[in-house]
Amino acid sequence: MMSEVFAVDPLVLFTIVAMAAGTYLTRIAGLVLTKFVTFSGRTEAALQAVPPAILMSVVAPTAFATGIAETAATAITAIAALRLPMLAAMTLGVVSVVVLRLALSVI
């Protein structure tokens, strides 16, 4: 019974390993290839904007599809991120969503 629970289909295992290898190779290729390319100022600025854009594409749908507390906490975190270090802004965001959820559940 226990061996059936932990049984892995070889095709599934191969797929997982192949996807992990593809992800790893893509990350390494990006690091290796950027050593041979010189970026202009505009290209460098565009590449610096990619991580926050990806983060917002993940966070925004969740923030606006949930409740008012989450939406307000997202706005507070975004404003805090303009002035504070990332860790402080994230901490403020977590605290604000907890406080807002508590405050809005009482009212």
# chains A, B, ... in the order shown; residues from 1 in each chain; ligands from 1
$ residues_around --residues "segment 49-66 of chain A" --least-positions-apart "2" --cutoff "12 Å" --atoms "only C-alpha atoms" --output "PyMOL selection string"
chain A and resi 42-47+68-78+81+86+93+97+101
$ write_last_selection --atoms "all heavy atoms" --output "short mmCIF file (atom, residue, chain, number, x, y, z; two decimals), in the first residue's frame"
data_model
loop_
_atom_site.label_atom_id
_atom_site.label_comp_id
_atom_site.auth_asym_id
_atom_site.auth_seq_id
_atom_site.Cartn_x
_atom_site.Cartn_y
_atom_site.Cartn_z
N ARG A 42 19.63 52.92 -22.31
CA ARG A 42 18.20 52.63 -22.38
C ARG A 42 17.91 51.14 -22.22
O ARG A 42 16.95 50.75 -21.57
CB ARG A 42 17.63 53.13 -23.70
CG ARG A 42 17.65 54.65 -23.80
CD ARG A 42 17.06 55.10 -25.08
NE ARG A 42 15.61 54.88 -24.99
CZ ARG A 42 14.75 55.32 -25.86
NH1 ARG A 42 15.15 56.00 -26.91
NH2 ARG A 42 13.46 55.10 -25.72
N THR A 43 18.75 50.31 -22.81
CA THR A 43 18.57 48.87 -22.69
C THR A 43 18.79 48.42 -21.25
O THR A 43 18.04 47.60 -20.72
CB THR A 43 19.53 48.12 -23.62
OG1 THR A 43 19.36 48.60 -24.94
CG2 THR A 43 19.29 46.63 -23.58
N GLU A 44 19.82 48.98 -20.61
CA GLU A 44 20.09 48.65 -19.21
C GLU A 44 18.93 49.07 -18.33
O GLU A 44 18.51 48.32 -17.43
CB GLU A 44 21.38 49.35 -18.75
CG GLU A 44 21.79 49.01 -17.35
CD GLU A 44 22.27 47.59 -17.19
OE1 GLU A 44 22.83 47.02 -18.13
OE2 GLU A 44 22.07 47.04 -16.09
N ALA A 45 18.37 50.25 -18.57
CA ALA A 45 17.22 50.72 -17.79
C ALA A 45 16.01 49.80 -18.00
O ALA A 45 15.27 49.51 -17.06
CB ALA A 45 16.87 52.15 -18.17
N ALA A 46 15.80 49.36 -19.25
CA ALA A 46 14.68 48.46 -19.54
C ALA A 46 14.87 47.12 -18.83
O ALA A 46 13.92 46.57 -18.27
CB ALA A 46 14.55 48.25 -21.03
N LEU A 47 16.09 46.60 -18.82
CA LEU A 47 16.35 45.33 -18.14
C LEU A 47 16.20 45.46 -16.63
O LEU A 47 15.79 44.51 -15.96
CB LEU A 47 17.75 44.82 -18.49
CG LEU A 47 17.90 44.30 -19.92
CD1 LEU A 47 19.36 43.96 -20.20
CD2 LEU A 47 17.03 43.09 -20.16
N ILE A 68 -11.02 44.42 -0.04
CA ILE A 68 -10.55 45.80 0.10
C ILE A 68 -9.30 45.88 0.95
O ILE A 68 -8.42 46.71 0.72
CB ILE A 68 -11.67 46.72 0.64
CG1 ILE A 68 -11.25 48.18 0.61
CG2 ILE A 68 -12.06 46.34 2.05
CD1 ILE A 68 -11.21 48.77 -0.76
N ALA A 69 -9.18 45.00 1.94
CA ALA A 69 -7.98 45.01 2.81
C ALA A 69 -6.73 44.69 2.01
O ALA A 69 -5.70 45.35 2.16
CB ALA A 69 -8.16 44.01 3.95
N GLU A 70 -6.82 43.70 1.13
CA GLU A 70 -5.66 43.32 0.33
C GLU A 70 -5.32 44.41 -0.68
O GLU A 70 -4.14 44.69 -0.94
CB GLU A 70 -5.92 42.00 -0.38
CG GLU A 70 -5.97 40.80 0.54
CD GLU A 70 -7.30 40.65 1.28
OE1 GLU A 70 -8.24 41.41 0.97
OE2 GLU A 70 -7.38 39.79 2.16
N THR A 71 -6.33 45.03 -1.27
CA THR A 71 -6.09 46.10 -2.24
C THR A 71 -5.44 47.30 -1.55
O THR A 71 -4.48 47.88 -2.07
CB THR A 71 -7.41 46.53 -2.91
OG1 THR A 71 -8.00 45.36 -3.50
CG2 THR A 71 -7.18 47.57 -3.97
N ALA A 72 -5.94 47.67 -0.39
CA ALA A 72 -5.35 48.79 0.35
C ALA A 72 -3.93 48.47 0.80
O ALA A 72 -3.03 49.32 0.72
CB ALA A 72 -6.22 49.14 1.54
N ALA A 73 -3.69 47.25 1.25
CA ALA A 73 -2.35 46.85 1.68
C ALA A 73 -1.38 46.86 0.50
O ALA A 73 -0.21 47.22 0.67
CB ALA A 73 -2.39 45.47 2.32
N THR A 74 -1.85 46.50 -0.67
CA THR A 74 -1.01 46.56 -1.87
C THR A 74 -0.62 47.99 -2.17
O THR A 74 0.54 48.28 -2.50
CB THR A 74 -1.74 45.94 -3.07
OG1 THR A 74 -2.08 44.59 -2.75
CG2 THR A 74 -0.86 45.95 -4.31
N ALA A 75 -1.57 48.91 -2.06
CA ALA A 75 -1.28 50.33 -2.30
C ALA A 75 -0.30 50.87 -1.26
O ALA A 75 0.65 51.60 -1.61
CB ALA A 75 -2.57 51.13 -2.29
N ILE A 76 -0.50 50.49 -0.01
CA ILE A 76 0.42 50.92 1.05
C ILE A 76 1.83 50.40 0.78
O ILE A 76 2.82 51.14 0.91
CB ILE A 76 -0.10 50.44 2.43
CG1 ILE A 76 -1.37 51.20 2.79
CG2 ILE A 76 0.97 50.60 3.50
CD1 ILE A 76 -2.11 50.61 3.98
N THR A 77 1.93 49.15 0.38
CA THR A 77 3.23 48.55 0.10
C THR A 77 3.91 49.22 -1.09
O THR A 77 5.11 49.48 -1.07
CB THR A 77 3.09 47.04 -0.16
OG1 THR A 77 2.39 46.45 0.94
CG2 THR A 77 4.44 46.38 -0.32
N ALA A 78 3.14 49.51 -2.13
CA ALA A 78 3.70 50.15 -3.32
C ALA A 78 4.23 51.55 -2.98
O ALA A 78 5.32 51.94 -3.43
CB ALA A 78 2.66 50.24 -4.42
N ALA A 81 7.37 51.22 -0.89
CA ALA A 81 8.51 50.75 -1.68
C ALA A 81 9.24 51.88 -2.40
O ALA A 81 10.39 51.73 -2.78
CB ALA A 81 8.06 49.70 -2.68
N MET A 86 13.37 47.26 0.37
CA MET A 86 12.39 46.24 -0.02
C MET A 86 11.89 45.43 1.18
O MET A 86 10.70 45.18 1.31
CB MET A 86 13.01 45.30 -1.06
CG MET A 86 12.02 44.29 -1.60
SD MET A 86 10.61 45.02 -2.46
CE MET A 86 11.39 45.66 -3.91
N GLY A 93 3.78 45.86 4.33
CA GLY A 93 2.66 45.30 3.59
C GLY A 93 1.99 44.15 4.33
O GLY A 93 0.76 44.08 4.40
N VAL A 97 -1.84 44.38 5.87
CA VAL A 97 -2.94 43.50 5.47
C VAL A 97 -3.56 42.82 6.69
O VAL A 97 -4.78 42.65 6.76
CB VAL A 97 -2.52 42.49 4.38
CG1 VAL A 97 -1.71 41.34 4.94
CG2 VAL A 97 -3.72 41.95 3.65
N ARG A 101 -7.37 43.59 7.70
CA ARG A 101 -8.32 42.47 7.78
C ARG A 101 -9.01 42.45 9.14
O ARG A 101 -10.21 42.22 9.22
CB ARG A 101 -7.60 41.14 7.55
CG ARG A 101 -7.32 40.85 6.11
CD ARG A 101 -6.63 39.51 5.96
NE ARG A 101 -6.37 39.20 4.57
CZ ARG A 101 -5.67 38.14 4.20
NH1 ARG A 101 -5.17 37.30 5.09
NH2 ARG A 101 -5.48 37.92 2.92
#
$ select_by_dssp --residues "segment 22-58 of chain A" --states "alpha helix (DSSP H)" --output "count of residues only"
31
$ atom_distance --atom1 "atom CA of Phe6 of chain A" --atom2 "atom CA of Leu25 of chain A"
28.5 Å
$ atom_distance --atom1 "atom CA of Phe14 of chain A" --atom2 "atom CA of Ile28 of chain A"
20.8 Å
$ closest_residue --among "A:Ala21, A:Gln48, A:Thr38, A:Gly67" --to "Ser105 of chain A" --atoms "only C-alpha atoms"
A:Gly67
$ closest_residue --among "A:Ala20, A:Leu92, A:Leu100, A:Val12" --to "Ile79 of chain A" --atoms "only C-alpha atoms"
A:Leu92
$ atom_distance --atom1 "atom CA of Lys35 of chain A" --atom2 "atom CA of Thr23 of chain A"
19.3 Å
